[in-house]
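Accompanying notes for the structure given below.
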Amino acid sequence: MSRRSTGLVGVWAEMQRQQQRQLEAEARRRRQQEQQERAYQRRAAQSHREYRQAEALRRTEELDAQVASLQGLLASGCRAPAFRAASLMRPEEVRPFAPGPLAQPVPMPDFQHYQTQSGWTAGRRAQAQADARARFERDWQAAQAAESRRQHQLAAYQREYQQGVDAQLADVRRHNAGVVAITEGVRRRDPDSVIEYFSAALYSSTAWPDGFPRQVAAAYDPAARELVLDWELPAYDVVPEVKAVRYLSGADQDKETPRPVSQRRALYREVLAQCMLLVLHELFAADELGALESVALNGFVDGHDPTTGRPGHIFLATVMASRSSFRELHLAQVDAGSCLADALRGQLSARPDQLLPVRPSRRPQDVGNRVVAHGGDEDPDLFAMDPIAFENLVADLFRAMGMQAVTTQRSNDGGVDVDALDPAPIRGGTIVVQVKRYRNTVPPTAVRDLYGTVQDAGANKGVLVTTSGFGPGSHAFANGKPLELVSGPELVDLLHRHGLRGRLGDGGRRAAAQPTPAAPDTRLPDDYNVLGMSWSGSVALDVCALVCRGNRVLSDDHFVFFNNPRTPDGSVRALPATAPDKAAICVSFDGLPAEADRFVLVAAVDPEANPDADLSGFTDAGIRLLDPGLTELGRLDVSDGRPGETALVLGSFRRRSNGDWDFVLGGKGYTGGLEELVQDFGIDVE
């Protein structure tokens with residue numbers, strides 16, 4: 001007799017089949033994932049190889065282009081336009097008077113708009129008419145007062161505009177008169193005028209590649225109509241040491257093929273010969289007044305004499321060329337070395353790469369009159385410069401940067417030393433510039449005064465230029481405002497980058513002329529801790545620290561922020577953050593000043609990165625306490641930000657009586673940003 005199945009075996013079998021299918025599906029997914037990963041790795045490796053190969057090819061092409069530029073230096077230089085004194089003349093152009101909204105009269109109220117028909121009785125209608133008349137008269141008087149203010153402001157703005165125009169035209173006319181005077185001096189064969197004129201020709205030339213030196217010392221012999229000059233030549237490293245770059249995929253590295261030494265030496269001699277011929281070409285081409293009958297040219301490099309070991313000028317080429325002999329040359333087709341040595345009977349060092357010198361034929365000091373030098377290390381000391389000359393130098397800097405700029409009159413200038421106009425669309429506009437030739441730190445009051453001047457003048461930006469520096473109070477006040485602060489070292493760098501000269505005492509020469517310092521040891525001493533700050537949200541924040549006694553910072557220098565990365569004693573420093581932190585500060589609690597009893601951490605919205613942001617996006621914030629090796633020792637949670645606030649005290653470490661430091665959670669927020677916060681700790685932003 002048969003028995004009906006309960007179906008359990010079938011259920012078990014089905015469950016087993018499902019499990020088997022799941023295992024097979026999981027195995028298929030793993031295989032597909034592995035295949036995808038292998039394919040991705042192949043694509044990544046292929047992409048990496050292609051990128052590295054393309055980068056190696058790009059570097060090789062750059063080297064080839066650099067060599068081609070050196071080989072064609074003379075030919076391309078001869079195509080450059082000849083210098084003419086007229087190119088130095090400035091047009092007498094001024095910006096038109098544009099008063100903007102001040103040009104529109106204030107609309108006067110119309111009594112017809114105040115008429116009313118309200119009220120059922122004669123008494124109520126009369127009252128309504130009286131009220132309308134009163135409102136009309138009140139609004140009429142207010143409009144008349146506003147119109148009077150507008151006319152007064154318009155007249156003041158027009159006077160300021162006219163003063164600026166007059167000063168600008170006077171500056172342009174003085175400049176043009178100086179150009180005319182130099183031209184007339186060249187016509188009279190005045191040595192100083194001749195030297196200034198032809199130095200301008202060499203300095204204004206577009207024939208020279210970027211990075212080529214332009215140092216010259218010159219004298220003029222009016223009897224012989226001969227210009228004698230020493231001209232700096234490029235050093236041996238102008239010729240690339242590397243010939244080509246090839247990517248080796250097996251080793252995943254670039255291989256540089258060196259340029260053959262013989263080829264490099266030959267190209268360097270060719271470059272020097274081209275430089276000598278190009279200088280002669282530019283001088284004779286600029287001589288529209290016939291001041292030059294001949295030119296004695298000596299080319300030198302700065303280095304150490306291999307025979308004596310003493311530093312100085314080492315002359316590698318010399319030539320004396322007459323106008324008549326030079327006119328017969330077709331420079332675009334000559335071999336530079338042969339032309340210099342044979343056609344012009346000049347001399348070129350046989351081994352310039354080894355600084356083997358030649359003997360100059362005639363030096364500027366042999367002429368007998370004053371030698372004028374340009375482009376050397378004797379930059380004028382900005383501290384010792386006449387105040388008016390210093391303002392003119394700043395105006396020259398703005399003009400060299402592509403702007404229109406004039407110095408203002410010495411009286412009634414409204415706190416403005418230079419008026420500038422940036423013609424660039426969108427970001428351009430009017431700029432007021434104040435110049436402070438200080439040795440001590442510029443006080444915050446000067447920055448605040450500049451801001452008031454910007455607002456009164458309706459300018460787009462204010463720039464404060466000084467020979468000294470600014471404290472954190474000044475930077476905090478300027479943060480987020482249309483102000484720019486230029487310190488002494490930044491000014492020197494800008495001057496030299498735009499072909500002007502200046503230094504700060506004995507230590508202000510170009511930073512590029514100084515030897516590159518060795519990289520500092522970035523390893524922290526054992527007594528330092530690193531405080532790494534992290535938070536959620538995309539808001540950009542500046543994290544700062546204050547070393548305080550009670551609720552007052554010890555000094556402006558004890559406020560560590562983006563413009564003051566460390567305290568004077570180095571006990572607190574800003575550090576580059578490492579993931580997952582977004583900001584980091586290191587501190588030696590044992591190294592803090594004895595009078596300090598609080599170390600405060602704060603955060604503020606960066607108004608340049610997020611001008612409309614507040615701290616509502618500052619959440620999940622925390623501070624990681626790390627040892628010098630960046631091993632995490634602990635974590636401190638801090639308060640989230642709140643809407644409307646733009647600065648926040650994260651917390652403070654407080655010194656206990658036994659010398660230990662405890663962390664106290666902060667949370668106080670500020671709606672006025674970093675400026676309001678630091679004022680609360682005693683930093684003067686006024």
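Following the order of the structure tokens, first chain is A, next is B, and so on, with residues numbered from 1 inside each chain and ligands from 1 in the order they appear.
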Per-residue nearest contacts of range 43-155 of chain A to range 453-465 of chain A (12 Å; only C-alpha atoms) as a Markdown table:
| residue | atom | partner | partner_atom | distance |
| --- | --- | --- | --- | --- |
| A:Ala98 | CA | A:Gly458 | CA | 11.5 |
| A:Pro99 | CA | A:Gly458 | CA | 9.8 |
| A:Gly100 | CA | A:Gly458 | CA | 10.2 |
| A:Pro101 | CA | A:Gly458 | CA | 11.4 |
| A:Leu102 | CA | A:Gly458 | CA | 11.4 |
| A:Gln153 | CA | A:Asp456 | CA | 10.3 |
| A:Leu154 | CA | A:Ala457 | CA | 11.8 |
Range 16-117 of chain A near range 256-279 of chain A within 8 Å: what's each residue's closest atom pair and its distance in Å to one decimal, counting only C-alpha atoms, ordered by chain then ascending residue number, as a tab-separated table?
residue	atom	partner	partner_atom	distance
A:Leu70	CA	A:Val271	CA	6.3
A:Gln71	CA	A:Val271	CA	7.0
A:Leu73	CA	A:Gln274	CA	6.7
A:Leu74	CA	A:Gln274	CA	5.4
A:Gly77	CA	A:Leu278	CA	6.7
A:Cys78	CA	A:Leu278	CA	7.3
Legend entry - Residue with smallest distance to Glu676 in chain A - pool A:Ala577, A:Ala446, A:Ala476, A:Val172, counting only C-alpha atoms: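 Going through A:Ala577, A:Ala446, A:Ala476, A:Val172 one by one, the smallest distance to Glu676 in chain A is for A:Ala476.
Residues in contact range of Leu169 in chain A, defined as at most 10 Å between only C-alpha atoms, with sequence neighbours fewer than 4 positions away removed, read A:Arg90, A:Pro91, A:Glu92, A:Glu93, A:Val94, A:Gln163, A:Gly164, A:Val165, A:Arg173, A:Arg174, A:His175, A:Val406.
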Any chance you can output those residues with N, CA and C atoms as a PDB file, in the first residue's frame?
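As written to disk, again11.pdb reads:
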ATOM      1  N   ARG A  90      53.204 109.360 -24.572  1.00  0.00           N
ATOM      2  CA  ARG A  90      51.908 108.922 -24.057  1.00  0.00           C
ATOM      3  C   ARG A  90      50.806 109.816 -24.612  1.00  0.00           C
ATOM      4  N   PRO A  91      49.700 109.234 -25.009  1.00  0.00           N
ATOM      5  CA  PRO A  91      48.601 110.066 -25.528  1.00  0.00           C
ATOM      6  C   PRO A  91      47.943 110.845 -24.397  1.00  0.00           C
ATOM      7  N   GLU A  92      47.468 112.038 -24.731  1.00  0.00           N
ATOM      8  CA  GLU A  92      46.772 112.856 -23.741  1.00  0.00           C
ATOM      9  C   GLU A  92      45.293 112.456 -23.727  1.00  0.00           C
ATOM     10  N   GLU A  93      45.062 111.260 -23.243  1.00  0.00           N
ATOM     11  CA  GLU A  93      43.704 110.730 -23.172  1.00  0.00           C
ATOM     12  C   GLU A  93      43.283 110.637 -21.709  1.00  0.00           C
ATOM     13  N   VAL A  94      42.076 111.021 -21.441  1.00  0.00           N
ATOM     14  CA  VAL A  94      41.533 110.913 -20.082  1.00  0.00           C
ATOM     15  C   VAL A  94      40.191 110.197 -20.159  1.00  0.00           C
ATOM     16  N   GLN A 163      40.283 117.606 -11.039  1.00  0.00           N
ATOM     17  CA  GLN A 163      41.605 117.582 -10.410  1.00  0.00           C
ATOM     18  C   GLN A 163      42.403 116.368 -10.878  1.00  0.00           C
ATOM     19  N   GLY A 164      41.726 115.212 -10.928  1.00  0.00           N
ATOM     20  CA  GLY A 164      42.407 114.008 -11.405  1.00  0.00           C
ATOM     21  C   GLY A 164      42.833 114.125 -12.859  1.00  0.00           C
ATOM     22  N   VAL A 165      41.957 114.691 -13.689  1.00  0.00           N
ATOM     23  CA  VAL A 165      42.290 114.879 -15.110  1.00  0.00           C
ATOM     24  C   VAL A 165      43.473 115.832 -15.256  1.00  0.00           C
ATOM     25  N   ARG A 173      52.175 115.191 -19.748  1.00  0.00           N
ATOM     26  CA  ARG A 173      52.934 116.249 -20.419  1.00  0.00           C
ATOM     27  C   ARG A 173      54.361 116.329 -19.899  1.00  0.00           C
ATOM     28  N   ARG A 174      54.530 116.106 -18.580  1.00  0.00           N
ATOM     29  CA  ARG A 174      55.899 116.065 -18.050  1.00  0.00           C
ATOM     30  C   ARG A 174      56.684 114.922 -18.674  1.00  0.00           C
ATOM     31  N   HIS A 175      56.031 113.765 -18.765  1.00  0.00           N
ATOM     32  CA  HIS A 175      56.708 112.615 -19.379  1.00  0.00           C
ATOM     33  C   HIS A 175      57.072 112.901 -20.832  1.00  0.00           C
ATOM     34  N   VAL A 406      48.194 108.006 -12.283  1.00  0.00           N
ATOM     35  CA  VAL A 406      48.813 109.310 -12.111  1.00  0.00           C
ATOM     36  C   VAL A 406      48.925 109.586 -10.619  1.00  0.00           C
TER      37      VAL A 406
END
Inset, instruction - List every residue of range 260-463 of chain A that DSSP, applied to the backbone, labels as strand (DSSP E or B), and write the result as a ChimeraX atom specification. - result: /A:294-304,311-322,347-348,372-374,381,404-407,418-422,429-436,442,461-463
Inset, instruction - Using only C-alpha atoms, determine which residues lie at most 12 Å from Thr467 in chain A, disregarding the query and same-chain residues fewer than 4 positions distant; provide the list as a PyMOL selection string. - result: chain A and resi 381-385+387+390-391+394+434-442+485-493+502-505+508
Legend entry - Of the listed residues A:Phe653, A:Phe618, A:Phe470, A:Phe559, that which approaches Leu674 in chain A most closely, counting only C-alpha atoms: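 Smallest separation from Leu674 in chain A among the options: A:Phe559.
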Legend entry - Among listed residues A:Phe599, A:Asp335, A:Gln365, A:Ala219, nearest Val295 in chain A (using only C-alpha atoms):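 The answer is A:Ala219, which sits nearest to Val295 in chain A.
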Inset, instruction - Figure out the distance between CA of Trp140 in chain A and CA of Tyr114 in chain A, please, to one decimal in Å. - result: 11.6 Å
Inset, instruction - Pick out the residues sitting within 7 Å of Leu665 in chain A, and hand them over as a VMD selection string; count only C-alpha atoms, and ignore anything fewer than 2 positions along from it in its own chain. - result: chain A and resid 638 650 to 652 663 667
How close does range 173-240 of chain A get to range 51-64 of chain A? List, as JSON lines, each residue of range 173-240 of chain A within 12 Å, its nearest atom pair and the distance in Å to one decimal, counting only C-alpha atoms.
{"residue": "A:Val238", "atom": "CA", "partner": "A:Leu63", "partner_atom": "CA", "distance": 11.3}
{"residue": "A:Val239", "atom": "CA", "partner": "A:Leu63", "partner_atom": "CA", "distance": 9.4}
{"residue": "A:Pro240", "atom": "CA", "partner": "A:Leu63", "partner_atom": "CA", "distance": 7.0}
Create the file for the chosen residues now, containing N, CA and C atoms and written as an mmCIF file, in the first residue's frame.
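Okay, selection_5.cif is ready:
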data_model
loop_
_atom_site.group_PDB
_atom_site.id
_atom_site.type_symbol
_atom_site.label_atom_id
_atom_site.label_comp_id
_atom_site.auth_asym_id
_atom_site.auth_seq_id
_atom_site.Cartn_x
_atom_site.Cartn_y
_atom_site.Cartn_z
ATOM 1 N N VAL A 238 71.587 78.428 -20.637
ATOM 2 C CA VAL A 238 70.504 78.806 -21.533
ATOM 3 C C VAL A 238 70.261 77.714 -22.569
ATOM 4 N N VAL A 239 71.297 76.916 -22.850
ATOM 5 C CA VAL A 239 71.149 75.784 -23.774
ATOM 6 C C VAL A 239 70.737 74.563 -22.962
ATOM 7 N N PRO A 240 69.602 73.934 -23.268
ATOM 8 C CA PRO A 240 69.135 72.793 -22.464
ATOM 9 C C PRO A 240 70.160 71.671 -22.424
#
Legend entry - Val553 in chain A environment, 10 Å, only C-alpha atoms, sequence neighbours closer than 6 positions dropped, as an NGL selection string: :A and (545-547 or 559 or 596 or 598-600 or 678-683)
Legend entry - Nearby residues (only C-alpha atoms) at most 9 Å from Ala343 in chain A, same-chain spacing under 6 positions excluded, as a PyMOL selection string: chain A and resi 325-326+329
Got time to write the residues from that selection, all heavy atoms, as a PDB file, in the first residue's frame?
ATOM      1  N   SER A 325      80.084  99.555 -42.267  1.00  0.00           N
ATOM      2  CA  SER A 325      80.352  98.120 -42.425  1.00  0.00           C
ATOM      3  C   SER A 325      79.144  97.290 -41.993  1.00  0.00           C
ATOM      4  O   SER A 325      78.877  96.235 -42.586  1.00  0.00           O
ATOM      5  CB  SER A 325      81.582  97.728 -41.602  1.00  0.00           C
ATOM      6  OG  SER A 325      81.352  97.961 -40.215  1.00  0.00           O
ATOM      7  N   PHE A 326      78.405  97.754 -41.020  1.00  0.00           N
ATOM      8  CA  PHE A 326      77.263  96.970 -40.544  1.00  0.00           C
ATOM      9  C   PHE A 326      76.104  97.020 -41.528  1.00  0.00           C
ATOM     10  O   PHE A 326      75.339  96.069 -41.650  1.00  0.00           O
ATOM     11  CB  PHE A 326      76.806  97.488 -39.174  1.00  0.00           C
ATOM     12  CG  PHE A 326      75.959  96.506 -38.418  1.00  0.00           C
ATOM     13  CD1 PHE A 326      76.529  95.428 -37.751  1.00  0.00           C
ATOM     14  CD2 PHE A 326      74.590  96.639 -38.377  1.00  0.00           C
ATOM     15  CE1 PHE A 326      75.750  94.516 -37.067  1.00  0.00           C
ATOM     16  CE2 PHE A 326      73.800  95.733 -37.694  1.00  0.00           C
ATOM     17  CZ  PHE A 326      74.383  94.665 -37.034  1.00  0.00           C
ATOM     18  N   LEU A 329      75.699  94.184 -44.185  1.00  0.00           N
ATOM     19  CA  LEU A 329      75.389  92.813 -43.786  1.00  0.00           C
ATOM     20  C   LEU A 329      73.912  92.504 -43.997  1.00  0.00           C
ATOM     21  O   LEU A 329      73.050  93.361 -43.810  1.00  0.00           O
ATOM     22  CB  LEU A 329      75.735  92.610 -42.303  1.00  0.00           C
ATOM     23  CG  LEU A 329      77.182  92.887 -41.895  1.00  0.00           C
ATOM     24  CD1 LEU A 329      77.317  92.755 -40.385  1.00  0.00           C
ATOM     25  CD2 LEU A 329      78.132  91.933 -42.610  1.00  0.00           C
TER      26      LEU A 329
END
Inset, instruction - Enumerate the residues of range 42-188 of chain A with a DSSP assignment of helix (DSSP H, G or I), computed from the backbone, and present them as a ChimeraX atom specification. - result: /A:42-71,73-78,85-88,100-103,111-114,122-187
Inset, instruction - Rank A:Ala389, A:Ala603, A:Met533, A:Leu348 by their smallest atom-to-atom distance to Thr407 in chain A, using only C-alpha atoms, and report the top residue only. - result: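 Among the listed residues, A:Ala389 lies closest to Thr407 in chain A.
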